[in-house]
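Next up, input23.pdb (PDB, C-alpha atoms, pLDDT in the B column):
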ATOM      1  CA  MET A   1     101.346  51.260  96.502  1.00 58.00           C
ATOM      2  CA  GLN A   2      99.550  47.922  96.607  1.00 73.00           C
ATOM      3  CA  ASP A   3      96.836  47.323  94.033  1.00 80.00           C
ATOM      4  CA  PHE A   4      93.696  46.413  95.953  1.00 89.00           C
ATOM      5  CA  TYR A   5      90.928  44.781  93.920  1.00 89.00           C
ATOM      6  CA  TYR A   6      88.223  47.268  94.944  1.00 94.00           C
ATOM      7  CA  ARG A   7      90.213  50.095  93.317  1.00 94.00           C
ATOM      8  CA  LYS A   8      89.680  48.402  89.957  1.00 93.00           C
ATOM      9  CA  LEU A   9      85.907  48.634  90.273  1.00 95.00           C
ATOM     10  CA  LEU A  10      84.405  51.425  88.218  1.00 97.00           C
ATOM     11  CA  VAL A  11      81.692  51.916  90.841  1.00 97.00           C
ATOM     12  CA  TYR A  12      84.353  52.545  93.498  1.00 97.00           C
ATOM     13  CA  GLN A  13      86.116  55.071  91.243  1.00 97.00           C
ATOM     14  CA  HIS A  14      82.861  56.932  90.597  1.00 98.00           C
ATOM     15  CA  ALA A  15      82.011  56.899  94.303  1.00 98.00           C
ATOM     16  CA  MET A  16      85.385  58.489  95.052  1.00 98.00           C
ATOM     17  CA  MET A  17      84.709  61.219  92.480  1.00 98.00           C
ATOM     18  CA  LEU A  18      81.319  61.872  94.086  1.00 98.00           C
ATOM     19  CA  LEU A  19      83.032  62.111  97.472  1.00 98.00           C
ATOM     20  CA  GLU A  20      85.410  64.762  96.116  1.00 98.00           C
ATOM     21  CA  ASP A  21      82.478  66.665  94.593  1.00 98.00           C
ATOM     22  CA  VAL A  22      80.567  66.590  97.894  1.00 98.00           C
ATOM     23  CA  TYR A  23      83.542  67.977  99.807  1.00 98.00           C
ATOM     24  CA  HIS A  24      83.959  70.713  97.180  1.00 98.00           C
ATOM     25  CA  LEU A  25      80.249  71.634  97.301  1.00 98.00           C
ATOM     26  CA  THR A  26      80.056  71.679 101.094  1.00 97.00           C
ATOM     27  CA  LYS A  27      82.812  74.300 101.244  1.00 96.00           C
ATOM     28  CA  GLN A  28      80.088  76.712 100.082  1.00 94.00           C
ATOM     29  CA  PHE A  29      77.699  75.829 102.938  1.00 97.00           C
ATOM     30  CA  PRO A  30      77.247  78.397 105.700  1.00 95.00           C
ATOM     31  CA  SER A  31      79.357  77.910 108.813  1.00 95.00           C
ATOM     32  CA  SER A  32      76.157  77.391 110.797  1.00 95.00           C
ATOM     33  CA  GLU A  33      75.803  74.045 108.984  1.00 94.00           C
ATOM     34  CA  LEU A  34      79.287  72.784 109.910  1.00 92.00           C
ATOM     35  CA  HIS A  35      77.967  70.394 112.564  1.00 94.00           C
ATOM     36  CA  GLY A  36      74.674  69.811 110.762  1.00 95.00           C
ATOM     37  CA  LEU A  37      74.142  69.220 107.076  1.00 97.00           C
ATOM     38  CA  THR A  38      77.823  69.631 106.132  1.00 97.00           C
ATOM     39  CA  ASN A  39      78.957  66.930 108.541  1.00 97.00           C
ATOM     40  CA  GLN A  40      76.054  64.620 107.689  1.00 98.00           C
ATOM     41  CA  ILE A  41      76.492  64.743 103.915  1.00 98.00           C
ATOM     42  CA  GLN A  42      80.272  64.341 104.127  1.00 98.00           C
ATOM     43  CA  ARG A  43      79.915  61.282 106.375  1.00 98.00           C
ATOM     44  CA  ALA A  44      77.362  59.723 104.021  1.00 98.00           C
ATOM     45  CA  ALA A  45      79.605  60.415 101.014  1.00 98.00           C
ATOM     46  CA  VAL A  46      82.582  58.791 102.774  1.00 98.00           C
ATOM     47  CA  SER A  47      80.418  55.765 103.548  1.00 98.00           C
ATOM     48  CA  ILE A  48      79.759  54.956  99.872  1.00 98.00           C
ATOM     49  CA  PRO A  49      83.273  53.988  98.696  1.00 98.00           C
ATOM     50  CA  SER A  50      84.182  52.784 102.192  1.00 98.00           C
ATOM     51  CA  ASN A  51      81.413  50.193 102.203  1.00 98.00           C
ATOM     52  CA  ILE A  52      82.210  49.113  98.648  1.00 97.00           C
ATOM     53  CA  ALA A  53      85.817  48.529  99.719  1.00 96.00           C
ATOM     54  CA  GLU A  54      84.814  46.787 102.942  1.00 96.00           C
ATOM     55  CA  GLY A  55      82.330  44.578 101.116  1.00 95.00           C
ATOM     56  CA  VAL A  56      84.894  43.534  98.538  1.00 92.00           C
ATOM     57  CA  GLY A  57      87.235  42.697 101.399  1.00 92.00           C
ATOM     58  CA  ARG A  58      84.782  40.121 102.737  1.00 91.00           C
ATOM     59  CA  PHE A  59      85.076  36.477 101.730  1.00 88.00           C
ATOM     60  CA  SER A  60      81.362  35.712 101.990  1.00 91.00           C
ATOM     61  CA  ILE A  61      79.098  36.716  99.098  1.00 93.00           C
ATOM     62  CA  LYS A  62      76.294  37.413 101.597  1.00 94.00           C
ATOM     63  CA  ASP A  63      78.587  39.808 103.472  1.00 95.00           C
ATOM     64  CA  ARG A  64      79.552  41.510 100.235  1.00 95.00           C
ATOM     65  CA  ILE A  65      75.902  42.021  99.316  1.00 96.00           C
ATOM     66  CA  ARG A  66      75.183  43.465 102.772  1.00 97.00           C
ATOM     67  CA  PHE A  67      77.943  46.077 102.428  1.00 97.00           C
ATOM     68  CA  ILE A  68      76.876  46.912  98.855  1.00 97.00           C
ATOM     69  CA  ASP A  69      73.367  47.508 100.236  1.00 98.00           C
ATOM     70  CA  ILE A  70      74.764  49.818 102.923  1.00 98.00           C
ATOM     71  CA  SER A  71      76.682  51.688 100.230  1.00 98.00           C
ATOM     72  CA  ASN A  72      73.482  52.154  98.228  1.00 98.00           C
ATOM     73  CA  GLY A  73      71.667  53.443 101.307  1.00 98.00           C
ATOM     74  CA  SER A  74      74.418  56.002 101.870  1.00 98.00           C
ATOM     75  CA  LEU A  75      74.188  57.007  98.205  1.00 98.00           C
ATOM     76  CA  MET A  76      70.469  57.722  98.612  1.00 98.00           C
ATOM     77  CA  GLU A  77      71.240  59.663 101.791  1.00 98.00           C
ATOM     78  CA  VAL A  78      73.664  61.886  99.834  1.00 98.00           C
ATOM     79  CA  MET A  79      71.015  62.386  97.137  1.00 98.00           C
ATOM     80  CA  CYS A  80      68.458  63.506  99.720  1.00 98.00           C
ATOM     81  CA  GLN A  81      70.921  65.803 101.460  1.00 98.00           C
ATOM     82  CA  LEU A  82      71.980  67.417  98.179  1.00 98.00           C
ATOM     83  CA  GLU A  83      68.314  68.078  97.465  1.00 98.00           C
ATOM     84  CA  ILE A  84      67.982  69.678 100.899  1.00 98.00           C
ATOM     85  CA  ALA A  85      71.080  71.799 100.209  1.00 98.00           C
ATOM     86  CA  GLN A  86      69.652  72.921  96.869  1.00 98.00           C
ATOM     87  CA  ARG A  87      66.269  73.786  98.405  1.00 98.00           C
ATOM     88  CA  LEU A  88      68.023  75.823 101.110  1.00 97.00           C
ATOM     89  CA  GLY A  89      70.044  77.675  98.464  1.00 97.00           C
ATOM     90  CA  TYR A  90      73.419  76.209  99.492  1.00 97.00           C
ATOM     91  CA  ILE A  91      74.092  74.746  96.022  1.00 98.00           C
ATOM     92  CA  SER A  92      72.859  75.775  92.598  1.00 97.00           C
ATOM     93  CA  GLU A  93      70.255  73.878  90.630  1.00 98.00           C
ATOM     94  CA  ASP A  94      72.928  73.118  88.013  1.00 98.00           C
ATOM     95  CA  ASP A  95      75.255  71.606  90.636  1.00 98.00           C
ATOM     96  CA  PHE A  96      72.347  69.593  92.004  1.00 98.00           C
ATOM     97  CA  LYS A  97      71.359  68.263  88.568  1.00 98.00           C
ATOM     98  CA  LYS A  98      74.968  67.314  87.798  1.00 98.00           C
ATOM     99  CA  GLN A  99      75.221  65.325  91.018  1.00 98.00           C
ATOM    100  CA  GLU A 100      71.800  63.788  90.454  1.00 98.00           C
ATOM    101  CA  ILE A 101      73.088  62.349  87.163  1.00 98.00           C
ATOM    102  CA  ASN A 102      76.284  61.113  88.844  1.00 98.00           C
ATOM    103  CA  ILE A 103      74.308  59.492  91.651  1.00 98.00           C
ATOM    104  CA  ALA A 104      71.925  57.785  89.204  1.00 98.00           C
ATOM    105  CA  THR A 105      74.949  56.356  87.376  1.00 98.00           C
ATOM    106  CA  ILE A 106      76.503  55.084  90.605  1.00 98.00           C
ATOM    107  CA  ALA A 107      73.165  53.598  91.701  1.00 98.00           C
ATOM    108  CA  LYS A 108      72.960  51.619  88.444  1.00 98.00           C
ATOM    109  CA  MET A 109      76.513  50.368  88.967  1.00 97.00           C
ATOM    110  CA  ILE A 110      75.767  49.327  92.544  1.00 97.00           C
ATOM    111  CA  LEU A 111      72.645  47.498  91.374  1.00 97.00           C
ATOM    112  CA  GLY A 112      74.667  45.725  88.680  1.00 95.00           C
ATOM    113  CA  LEU A 113      77.309  44.672  91.203  1.00 94.00           C
ATOM    114  CA  ARG A 114      74.600  43.448  93.579  1.00 95.00           C
ATOM    115  CA  LYS A 115      72.856  41.456  90.830  1.00 95.00           C
ATOM    116  CA  ASN A 116      76.168  39.868  89.845  1.00 92.00           C
ATOM    117  CA  LEU A 117      76.766  38.808  93.441  1.00 93.00           C
ATOM    118  CA  GLU A 118      73.197  37.502  93.792  1.00 93.00           C
ATOM    119  CA  VAL A 119      73.629  35.329  90.693  1.00 92.00           C
ATOM    120  CA  LYS A 120      76.798  33.856  92.171  1.00 88.00           C
ATOM    121  CA  LEU A 121      75.047  33.299  95.484  1.00 89.00           C
ATOM    122  CA  ASN A 122      71.952  31.701  93.934  1.00 90.00           C
ATOM    123  CA  ASN A 123      74.031  29.455  91.662  1.00 88.00           C
ATOM    124  CA  ASN A 124      76.384  28.480  94.486  1.00 83.00           C
ATOM    125  CA  GLN A 125      79.292  29.923  92.503  1.00 75.00           C
ATOM    126  CA  ARG A 126      82.543  30.816  94.113  1.00 74.00           C
ATOM    127  CA  LEU A 127      84.283  34.159  93.852  1.00 72.00           C
ATOM    128  CA  SER A 128      87.120  34.310  91.341  1.00 69.00           C
ATOM    129  CA  ASP A 129      90.667  34.119  92.670  1.00 64.00           C
ATOM    130  CA  GLU A 130      91.123  37.850  92.058  1.00 64.00           C
ATOM    131  CA  GLU A 131      87.840  38.701  93.793  1.00 67.00           C
ATOM    132  CA  ASN A 132      88.718  36.495  96.734  1.00 63.00           C
ATOM    133  CA  LYS A 133      92.160  37.990  97.273  1.00 57.00           C
ATOM    134  CA  GLY A 134      90.894  41.494  97.753  1.00 54.00           C
ATOM    135  CA  MET A 135      94.391  42.567  96.806  1.00 42.00           C
ATOM    136  CA  ASP A 136      96.374  41.771  93.676  1.00 41.00           C
ATOM    137  CA  ILE A 137      99.644  40.638  95.236  1.00 34.00           C
ATOM    138  CA  SER A 138     101.145  39.790  91.862  1.00 33.00           C
ATOM    139  CA  LEU A 139     101.855  43.467  91.243  1.00 32.00           C
ATOM    140  CA  THR A 140     105.149  44.801  92.504  1.00 31.00           C
ATOM    141  CA  PRO A 141     104.674  47.647  94.993  1.00 33.00           C
ATOM    142  CA  ASN A 142     106.310  50.969  94.229  1.00 37.00           C
ATOM    143  CA  LEU A 143     109.348  51.305  96.452  1.00 30.00           C
TER     144      LEU A 143
END

As structure tokens, please, write out the structure in this file.
Amino acid sequence: MQDFYYRKLLVYQHAMMLLEDVYHLTKQFPSSELHGLTNQIQRAAVSIPSNIAEGVGRFSIKDRIRFIDISNGSLMEVMCQLEIAQRLGYISEDDFKKQEINIATIAKMILGLRKNLEVKLNNNQRLSDEENKGMDISLTPNL
């Protein structure tokens, strides 16, 4: 397996854990929500790590910031939809509070990543070699 740079980001790892949690929680939703709230929240959860990865794959800092912003928007969408699920009785208050803490942590990480990119943009700094590769090709793939 190749070692892509985005996989090293703690924010990406946390977003993937949130994605797994969302899929686990939505298994409890009523079947009547399959094409409604279940589908919507799963798609938003998938969008978070996907946009982090896509942003990191871009060579322009402005593009990276744009995809980080999209990721944050999807994170807020998941937060709203979890609140809806809790209000409708699809998830427990404890499950909601746990995810609320996870989402707040991810939001802080996204903000930190965005601020770091903004500093580089405003100071006309370049991305590091590792950041610019998107993939660490110095690692030998598992054969």

For the structure shown, which residues end up in the PyMOL selection byres ((chain A and resi 65) around 8)? Put them as a compact mmCIF listing (two decimals) with C-alpha atoms, keeping the file's coordinate frame, please?
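The file below, result34.txt, is the result:
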# COMPACT_ATOMS: atom_id res chain seq x y z
CA GLY A 55 82.33 44.58 101.12
CA ILE A 61 79.10 36.72 99.10
CA LYS A 62 76.29 37.41 101.60
CA ASP A 63 78.59 39.81 103.47
CA ARG A 64 79.55 41.51 100.24
CA ARG A 66 75.18 43.46 102.77
CA PHE A 67 77.94 46.08 102.43
CA ILE A 68 76.88 46.91 98.86
CA ASP A 69 73.37 47.51 100.24
CA ARG A 114 74.60 43.45 93.58
CA LEU A 117 76.77 38.81 93.44
CA GLU A 118 73.20 37.50 93.79

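Atom pair CA of Ala44 in chain A / CA of Met76 in chain A has a distance of 9.0 Å (rounded to one decimal).
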
Under the rule of at most 10 Å, produce a per-residue listing of range 71-106 of chain A near range 14-37 of chain A: chain, number, name, the closest pair of atoms, and the distance in Å, as CSV, using all atoms listed in the file.
residue,atom,partner,partner_atom,distance
A:Ser71,CA,A:Ala15,CA,9.5
A:Leu75,CA,A:Ala15,CA,8.7
A:Val78,CA,A:Val22,CA,8.6
A:Gln81,CA,A:Leu37,CA,7.3
A:Leu82,CA,A:Val22,CA,8.6
A:Ile84,CA,A:Leu37,CA,8.7
A:Ala85,CA,A:Leu37,CA,7.9
A:Leu88,CA,A:Phe29,CA,9.8
A:Gly89,CA,A:Phe29,CA,9.1
A:Tyr90,CA,A:Phe29,CA,5.5
A:Ile91,CA,A:Leu25,CA,7.0
A:Ser92,CA,A:Leu25,CA,9.7
A:Asp95,CA,A:Leu25,CA,8.3
A:Phe96,CA,A:Leu25,CA,9.7
A:Gln99,CA,A:Leu18,CA,7.6
A:Asn102,CA,A:Leu18,CA,7.3
A:Ile103,CA,A:Leu18,CA,7.8
A:Thr105,CA,A:His14,CA,8.6
A:Ile106,CA,A:His14,CA,6.6

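Distances from A:Ser74, A:Gln2, A:Gln40, A:Gln86 to Ile52 in chain A were compared using only C-alpha atoms, and the smallest one belongs to A:Ser74.
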
- Task: Calculate how many Å separate CA of Ala45 in chain A from CA of Lys97 in chain A, rounding to one decimal.
- Result: 16.9 Å

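Relative to CA of Asn123 in chain A, CA of Pro49 in chain A is found at 27.1 Å.
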
Six-sided padding of 3 Å per side, axis-aligned box over range 109-122 of chain A, centre and edges in Å, one decimal, as AutoDock Vina command-line options:
--center_x 74.6 --center_y 41.0 --center_z 92.1 --size_x 11.4 --size_y 24.7 --size_z 12.8

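Counting only C-alpha atoms and comparing A:Lys108, A:Ala53, A:Lys115, A:Ile41, the residue that lies closest to Lys8 in chain A is A:Ala53.
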
Place N, CA and C atoms on range 52-65 of chain A and deliver the coordinates as a short mmCIF file (atom, residue, chain, number, x, y, z; two decimals), in the coordinates of the input.
data_model
loop_
_atom_site.label_atom_id
_atom_site.label_comp_id
_atom_site.auth_asym_id
_atom_site.auth_seq_id
_atom_site.Cartn_x
_atom_site.Cartn_y
_atom_site.Cartn_z
N ILE A 52 81.86 49.91 99.83
CA ILE A 52 82.21 49.11 98.65
C ILE A 52 83.52 48.39 98.93
N ALA A 53 84.51 49.13 99.42
CA ALA A 53 85.82 48.53 99.72
C ALA A 53 85.69 47.46 100.81
N GLU A 54 84.95 47.76 101.86
CA GLU A 54 84.81 46.79 102.94
C GLU A 54 84.08 45.54 102.46
N GLY A 55 83.06 45.73 101.65
CA GLY A 55 82.33 44.58 101.12
C GLY A 55 83.20 43.69 100.26
N VAL A 56 84.00 44.30 99.40
CA VAL A 56 84.89 43.53 98.54
C VAL A 56 85.95 42.80 99.37
N GLY A 57 86.26 43.34 100.52
CA GLY A 57 87.24 42.70 101.40
C GLY A 57 86.69 41.49 102.15
N ARG A 58 85.40 41.26 102.06
CA ARG A 58 84.78 40.12 102.74
C ARG A 58 84.86 38.89 101.84
N PHE A 59 84.96 37.72 102.47
CA PHE A 59 85.08 36.48 101.73
C PHE A 59 83.72 35.83 101.47
N SER A 60 82.70 36.26 102.17
CA SER A 60 81.36 35.71 101.99
C SER A 60 80.58 36.59 101.01
N ILE A 61 79.92 35.96 100.06
CA ILE A 61 79.10 36.72 99.10
C ILE A 61 77.96 37.43 99.83
N LYS A 62 77.37 36.77 100.82
CA LYS A 62 76.29 37.41 101.60
C LYS A 62 76.80 38.68 102.28
N ASP A 63 78.00 38.62 102.84
CA ASP A 63 78.59 39.81 103.47
C ASP A 63 78.82 40.90 102.44
N ARG A 64 79.31 40.52 101.28
CA ARG A 64 79.55 41.51 100.24
C ARG A 64 78.26 42.21 99.85
N ILE A 65 77.20 41.44 99.68
CA ILE A 65 75.90 42.02 99.32
C ILE A 65 75.43 42.99 100.41
#
